[in-house]
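Some notes on the structure that comes next.
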Amino acid sequence: MTNNILEVRDLDVDAGDVAILRDIDLLVAEGELHVLLGPNGSGKSSLLAALMGLPPYHVVRGEIRFRGNRIDQLPIDQRARLGLGMAFQRPPSLDGVTVGDFREALDAASNFKQESSALDLEGFANRHINVGFSGGEIKRWEVLKLFLQSPQFLLFDEPESGVDLEHIAAVGDAINRLLRTPGSSGEARSALIITHTGFILDYVQADLGHVMIDGRIVTSGDPRELFKNIQRNGYGSVSCQRV
Ligand SMILES: Nc1ncnc2c1ncn2[C@@H]1O[C@H](COP(=O)(O)OP(=O)(O)OP(=O)(O)O)[C@@H](O)[C@H]1O
Ligand SMILES: [Mg+2]
């Protein structure tokens, strides 16, 4: 029997009173990595925000289950404690909270130093989070942060966008290390990664890809095939393949 860690069924999500996502079904099993593709404004970040419980996104129909339990009405902190963690597309700056403070607050695992070095963020301990960070540094910190939070289910919103080629390799390798390391419960971690460039597919072994258009998942399948098809023929070629 498949052990689905995340189950999204018949999900409709609004932001305030604006309809954003419709009829979303998504099942992710323990240890699986899924990729989410889709044009600008199709609803990819909104889906991650809805999974995490970030306002103003709220579920108006359907359900989200994590390890079998409904989480769609839980606040963000409870979802984080249950094991959901996210690398944001555009994270906020936390003036007054340093990288070192964050590390101490989470009493984090000892590989932090090694991972800081791998992500070229050594010497950032006294920097206030995202304050004055370059675009690439912001993205790399989002990944490094996940080593501290150590979630069971990893959500990445365009982890490689705005990152130079060498650092994309570092980000890809880091994501792979996160995925290869079992979570605190000993279970394999799962992930959902949004990508426009597809570069990340060169580093990680993605199990399934989904294409979102106009707030709906219109097709799912082999991630590399989907990506190749979109590169060749554009999103118009997949928009009619409702599943
Ligand atoms: N709080 C909000 N109020 C109104 N509309 C919103 C809100 N949040 C998102 N939207 C709209 O919902 C749509 C989906 O936005 P979302 O950020 O999820 O897209 P995306 O697929 O992540 O796009 P991109 O690839 O550009 O990051 C967009 O048209 C956006 O303007
Ligand atoms: Mg987005």
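Following the order of the structure tokens, first chain is A, next is B, and so on, with residues numbered from 1 inside each chain and ligands from 1 in the order they appear.
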
Could you report the residues within 10 Å of ligand 2, using only C-alpha atoms and all ligand atoms, as a CSV table (one decimal) with N, CA and C atoms, in the first residue's frame?
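As a result, selection10.csv now contains:
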```csv
chain,number,residue,atom,x,y,z
A,38,GLY,N,4.6,25.4,-14.5
A,38,GLY,CA,3.4,26.2,-14.9
A,38,GLY,C,3.9,27.7,-15.2
A,39,PRO,N,3.1,28.3,-16.1
A,39,PRO,CA,3.5,29.7,-16.4
A,39,PRO,C,3.3,30.7,-15.3
A,40,ASN,N,3.8,31.9,-15.4
A,40,ASN,CA,3.7,32.9,-14.4
A,40,ASN,C,2.2,33.1,-14.1
A,41,GLY,N,1.9,33.2,-12.8
A,41,GLY,CA,0.5,33.6,-12.4
A,41,GLY,C,-0.4,32.4,-12.4
A,42,SER,N,0.1,31.2,-12.6
A,42,SER,CA,-0.8,30.0,-12.7
A,42,SER,C,-1.3,29.5,-11.4
A,43,GLY,N,-0.6,29.9,-10.3
A,43,GLY,CA,-1.1,29.5,-9.0
A,43,GLY,C,-0.1,28.6,-8.2
A,44,LYS,N,1.1,28.4,-8.7
A,44,LYS,CA,2.1,27.5,-8.1
A,44,LYS,C,2.5,27.9,-6.7
A,45,SER,N,2.9,29.2,-6.5
A,45,SER,CA,3.2,29.7,-5.2
A,45,SER,C,2.0,29.7,-4.3
A,46,SER,N,0.8,30.0,-4.8
A,46,SER,CA,-0.4,30.0,-4.0
A,46,SER,C,-0.6,28.6,-3.4
A,47,LEU,N,-0.3,27.5,-4.2
A,47,LEU,CA,-0.5,26.2,-3.7
A,47,LEU,C,0.4,25.9,-2.6
A,48,LEU,N,1.7,26.3,-2.7
A,48,LEU,CA,2.6,26.1,-1.6
A,48,LEU,C,2.2,26.8,-0.4
A,49,ALA,N,1.7,28.1,-0.6
A,49,ALA,CA,1.3,28.9,0.5
A,49,ALA,C,0.1,28.3,1.2
A,88,PHE,N,11.1,29.9,0.4
A,88,PHE,CA,10.2,30.9,-0.3
A,88,PHE,C,10.7,31.4,-1.6
A,89,GLN,N,9.8,31.8,-2.5
A,89,GLN,CA,10.2,32.4,-3.8
A,89,GLN,C,10.7,33.8,-3.4
A,90,ARG,N,10.0,34.5,-2.6
A,90,ARG,CA,10.5,35.9,-2.2
A,90,ARG,C,10.3,36.0,-0.7
A,157,ASP,N,10.1,26.8,-3.6
A,157,ASP,CA,9.5,27.7,-4.6
A,157,ASP,C,10.6,28.3,-5.4
A,158,GLU,N,10.9,27.7,-6.6
A,158,GLU,CA,11.9,28.2,-7.5
A,158,GLU,C,13.2,28.4,-6.8
A,194,ILE,N,8.9,23.8,-7.2
A,194,ILE,CA,8.5,24.6,-8.3
A,194,ILE,C,9.8,25.0,-9.1
A,195,THR,N,9.7,24.7,-10.4
A,195,THR,CA,10.9,25.2,-11.2
A,195,THR,C,10.4,25.7,-12.5
A,196,HIS,N,11.0,26.8,-13.0
A,196,HIS,CA,10.8,27.3,-14.3
A,196,HIS,C,11.9,26.8,-15.3
```

Contacts of Val59 (chain A) at 12 Å (only C-alpha atoms; same-chain gap of 5+ positions) as a PyMOL selection string: chain A and resi 8-24+46-47+49-54+64+70-74

Would you save the residues of that selection, restricted to N, CA and C atoms, as a JSON list (two decimals), in the first residue's frame?
```json
[["chain", "number", "residue", "atom", "x", "y", "z"],
["A", 8, "VAL", "N", -3.85, 15.81, -1.07],
["A", 8, "VAL", "CA", -4.66, 16.99, -1.36],
["A", 8, "VAL", "C", -5.82, 16.51, -2.24],
["A", 9, "ARG", "N", -7.02, 16.77, -1.78],
["A", 9, "ARG", "CA", -8.18, 16.27, -2.54],
["A", 9, "ARG", "C", -9.21, 17.36, -2.79],
["A", 10, "ASP", "N", -9.60, 17.48, -4.07],
["A", 10, "ASP", "CA", -10.69, 18.40, -4.48],
["A", 10, "ASP", "C", -10.51, 19.80, -3.91],
["A", 11, "LEU", "N", -9.28, 20.27, -3.89],
["A", 11, "LEU", "CA", -8.99, 21.51, -3.16],
["A", 11, "LEU", "C", -9.29, 22.77, -3.98],
["A", 12, "ASP", "N", -10.08, 23.66, -3.38],
["A", 12, "ASP", "CA", -10.27, 25.02, -3.91],
["A", 12, "ASP", "C", -9.68, 25.98, -2.88],
["A", 13, "VAL", "N", -8.91, 26.93, -3.36],
["A", 13, "VAL", "CA", -8.29, 27.91, -2.46],
["A", 13, "VAL", "C", -8.59, 29.31, -2.97],
["A", 14, "ASP", "N", -8.99, 30.19, -2.05],
["A", 14, "ASP", "CA", -9.19, 31.61, -2.37],
["A", 14, "ASP", "C", -8.13, 32.42, -1.62],
["A", 15, "ALA", "N", -7.83, 33.59, -2.17],
["A", 15, "ALA", "CA", -7.03, 34.58, -1.44],
["A", 15, "ALA", "C", -7.99, 35.71, -1.14],
["A", 16, "GLY", "N", -8.35, 35.89, 0.12],
["A", 16, "GLY", "CA", -9.45, 36.79, 0.44],
["A", 16, "GLY", "C", -10.69, 36.22, -0.22],
["A", 17, "ASP", "N", -11.32, 37.01, -1.10],
["A", 17, "ASP", "CA", -12.49, 36.45, -1.80],
["A", 17, "ASP", "C", -12.20, 36.21, -3.28],
["A", 18, "VAL", "N", -10.89, 36.17, -3.63],
["A", 18, "VAL", "CA", -10.52, 35.91, -5.03],
["A", 18, "VAL", "C", -10.21, 34.42, -5.21],
["A", 19, "ALA", "N", -10.87, 33.78, -6.17],
["A", 19, "ALA", "CA", -10.61, 32.36, -6.44],
["A", 19, "ALA", "C", -9.23, 32.21, -7.07],
["A", 20, "ILE", "N", -8.38, 31.34, -6.49],
["A", 20, "ILE", "CA", -7.02, 31.18, -7.01],
["A", 20, "ILE", "C", -6.79, 29.75, -7.53],
["A", 21, "LEU", "N", -7.13, 28.75, -6.72],
["A", 21, "LEU", "CA", -6.90, 27.35, -7.11],
["A", 21, "LEU", "C", -8.22, 26.61, -7.15],
["A", 22, "ARG", "N", -8.35, 25.69, -8.11],
["A", 22, "ARG", "CA", -9.59, 24.92, -8.25],
["A", 22, "ARG", "C", -9.28, 23.44, -8.53],
["A", 23, "ASP", "N", -10.01, 22.58, -7.84],
["A", 23, "ASP", "CA", -9.99, 21.13, -8.10],
["A", 23, "ASP", "C", -8.59, 20.52, -8.02],
["A", 24, "ILE", "N", -7.82, 20.92, -7.06],
["A", 24, "ILE", "CA", -6.45, 20.38, -6.97],
["A", 24, "ILE", "C", -6.48, 19.01, -6.28],
["A", 46, "SER", "N", 0.85, 29.97, -4.82],
["A", 46, "SER", "CA", -0.36, 29.96, -3.99],
["A", 46, "SER", "C", -0.62, 28.56, -3.44],
["A", 47, "LEU", "N", -0.34, 27.53, -4.23],
["A", 47, "LEU", "CA", -0.54, 26.16, -3.74],
["A", 47, "LEU", "C", 0.41, 25.90, -2.57],
["A", 49, "ALA", "N", 1.73, 28.09, -0.59],
["A", 49, "ALA", "CA", 1.28, 28.91, 0.53],
["A", 49, "ALA", "C", 0.07, 28.26, 1.22],
["A", 50, "ALA", "N", -0.84, 27.70, 0.43],
["A", 50, "ALA", "CA", -2.03, 27.04, 0.99],
["A", 50, "ALA", "C", -1.63, 25.80, 1.78],
["A", 51, "LEU", "N", -0.62, 25.07, 1.30],
["A", 51, "LEU", "CA", -0.17, 23.87, 2.03],
["A", 51, "LEU", "C", 0.44, 24.28, 3.37],
["A", 52, "MET", "N", 1.18, 25.38, 3.35],
["A", 52, "MET", "CA", 1.88, 25.87, 4.54],
["A", 52, "MET", "C", 0.93, 26.60, 5.50],
["A", 53, "GLY", "N", -0.20, 27.09, 4.94],
["A", 53, "GLY", "CA", -1.17, 27.82, 5.79],
["A", 53, "GLY", "C", -0.91, 29.30, 5.87],
["A", 54, "LEU", "N", -0.30, 29.86, 4.83],
["A", 54, "LEU", "CA", 0.02, 31.29, 4.84],
["A", 54, "LEU", "C", -1.18, 32.12, 4.41],
["A", 64, "ILE", "N", -6.68, 19.02, 2.90],
["A", 64, "ILE", "CA", -5.23, 18.72, 2.86],
["A", 64, "ILE", "C", -4.96, 17.81, 4.06],
["A", 70, "ARG", "N", -6.07, 15.77, 8.86],
["A", 70, "ARG", "CA", -6.43, 17.05, 8.25],
["A", 70, "ARG", "C", -5.57, 18.16, 8.82],
["A", 71, "ILE", "N", -4.97, 18.98, 7.94],
["A", 71, "ILE", "CA", -4.18, 20.12, 8.44],
["A", 71, "ILE", "C", -4.69, 21.44, 7.88],
["A", 72, "ASP", "N", -5.74, 21.39, 7.00],
["A", 72, "ASP", "CA", -6.06, 22.61, 6.25],
["A", 72, "ASP", "C", -6.61, 23.74, 7.10],
["A", 73, "GLN", "N", -6.99, 23.45, 8.35],
["A", 73, "GLN", "CA", -7.46, 24.55, 9.20],
["A", 73, "GLN", "C", -6.44, 24.90, 10.28],
["A", 74, "LEU", "N", -5.27, 24.27, 10.24],
["A", 74, "LEU", "CA", -4.26, 24.53, 11.28],
["A", 74, "LEU", "C", -3.46, 25.78, 10.96]]
```

Residue with smallest distance to ligand 1 - pool A:Leu106, A:Leu148, A:Met212, A:Leu27, counting only C-alpha atoms and all ligand atoms: A:Met212

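By chain and then residue number, the residues within 8 Å of region 32-37 of chain A are Lys44, Arg189, Ser190, Ala191, Leu192, Ile193, Ile194, Thr195, His196, Gln205, Ala206, Asp207, Leu208, Gly209, His210, Val211, Met212, Pro223 and Phe227 of chain A, counting only C-alpha atoms and disregarding those fewer than 5 positions away in sequence.
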
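Restricting the calculation to only C-alpha atoms, the smallest distance between Phe199 (chain A) and any of A:Glu225, A:Glu30, A:Glu160, A:Glu7 is found for A:Glu160.
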
All residues 10 Å or closer to Ala80 (chain A), only C-alpha atoms, same chain fewer than 5 positions away omitted, as a list in words: Met52, Gly53, Pro75, Gly85, Met86, Gln149, Ser150, Pro151, Gln152 and Phe153 of chain A

So that I have them on file, write out the residues from the current selection with N, CA and C atoms, as a tab-separated table (two decimals), in the first residue's frame.
```tsv
chain	number	residue	atom	x	y	z
A	52	MET	N	1.18	25.38	3.35
A	52	MET	CA	1.88	25.87	4.54
A	52	MET	C	0.93	26.60	5.50
A	53	GLY	N	-0.20	27.09	4.94
A	53	GLY	CA	-1.17	27.82	5.79
A	53	GLY	C	-0.91	29.30	5.87
A	75	PRO	N	-3.00	26.50	11.99
A	75	PRO	CA	-2.12	27.64	11.75
A	75	PRO	C	-0.73	27.19	11.28
A	85	GLY	N	8.00	22.35	5.73
A	85	GLY	CA	8.93	23.49	5.70
A	85	GLY	C	9.07	24.00	4.29
A	86	MET	N	9.31	25.30	4.16
A	86	MET	CA	9.28	25.90	2.82
A	86	MET	C	10.44	26.85	2.57
A	149	GLN	N	15.69	23.74	10.04
A	149	GLN	CA	14.30	23.38	10.38
A	149	GLN	C	14.08	21.88	10.25
A	150	SER	N	14.81	21.28	9.33
A	150	SER	CA	14.76	19.83	9.12
A	150	SER	C	13.34	19.26	8.96
A	151	PRO	N	12.56	19.83	8.06
A	151	PRO	CA	11.18	19.33	7.90
A	151	PRO	C	11.12	17.97	7.19
A	152	GLN	N	10.03	17.29	7.43
A	152	GLN	CA	9.81	15.99	6.78
A	152	GLN	C	9.37	16.18	5.33
A	153	PHE	N	8.63	17.27	5.12
A	153	PHE	CA	8.13	17.55	3.77
A	153	PHE	C	8.66	18.92	3.35
```

Which of region 3-68 of chain A end up as strand (DSSP E or B) when DSSP is run on this backbone - answer as a short mmCIF file (atom, residue, chain, number, x, y, z; two decimals) with C-alpha atoms, in the first residue's frame?
```
data_model
loop_
_atom_site.label_atom_id
_atom_site.label_comp_id
_atom_site.auth_asym_id
_atom_site.auth_seq_id
_atom_site.Cartn_x
_atom_site.Cartn_y
_atom_site.Cartn_z
CA ASN A 4 0.97 8.98 1.16
CA ILE A 5 2.50 11.60 3.42
CA LEU A 6 0.58 14.42 1.67
CA GLU A 7 -2.94 14.08 0.30
CA VAL A 8 -4.66 16.99 -1.36
CA ARG A 9 -8.18 16.27 -2.54
CA ASP A 10 -10.69 18.40 -4.48
CA LEU A 11 -8.99 21.51 -3.16
CA ASP A 12 -10.27 25.02 -3.91
CA VAL A 13 -8.29 27.91 -2.46
CA ASP A 14 -9.19 31.61 -2.37
CA ALA A 15 -7.03 34.58 -1.44
CA VAL A 18 -10.52 35.91 -5.03
CA ALA A 19 -10.61 32.36 -6.44
CA ILE A 20 -7.02 31.18 -7.01
CA LEU A 21 -6.90 27.35 -7.11
CA ARG A 22 -9.59 24.92 -8.25
CA ASP A 23 -9.99 21.13 -8.10
CA ILE A 24 -6.45 20.38 -6.97
CA ASP A 25 -5.66 16.71 -6.37
CA LEU A 26 -2.13 15.81 -5.34
CA LEU A 27 -0.78 12.70 -3.63
CA VAL A 28 2.86 12.56 -2.54
CA ALA A 29 4.18 9.36 -0.98
CA LEU A 33 9.90 14.13 -5.03
CA HIS A 34 7.37 15.93 -7.20
CA VAL A 35 7.95 18.90 -9.48
CA LEU A 36 5.42 21.63 -10.24
CA LEU A 37 5.62 23.49 -13.54
CA TYR A 57 -4.82 31.79 1.21
CA HIS A 58 -7.59 29.70 2.66
CA VAL A 59 -9.27 26.46 1.73
CA VAL A 60 -12.88 26.87 0.61
CA ARG A 61 -13.45 23.26 -0.51
CA GLY A 62 -11.67 19.95 -0.24
CA GLU A 63 -8.96 18.94 2.17
CA ILE A 64 -5.23 18.72 2.86
CA ARG A 65 -4.01 15.74 4.88
CA PHE A 66 -0.52 15.26 6.25
#
```

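The residue that comes closest to ligand 1, out of A:Pro55, A:Ile129, A:Phe102, A:Ser220 and on the basis of only C-alpha atoms and all ligand atoms, is A:Pro55.
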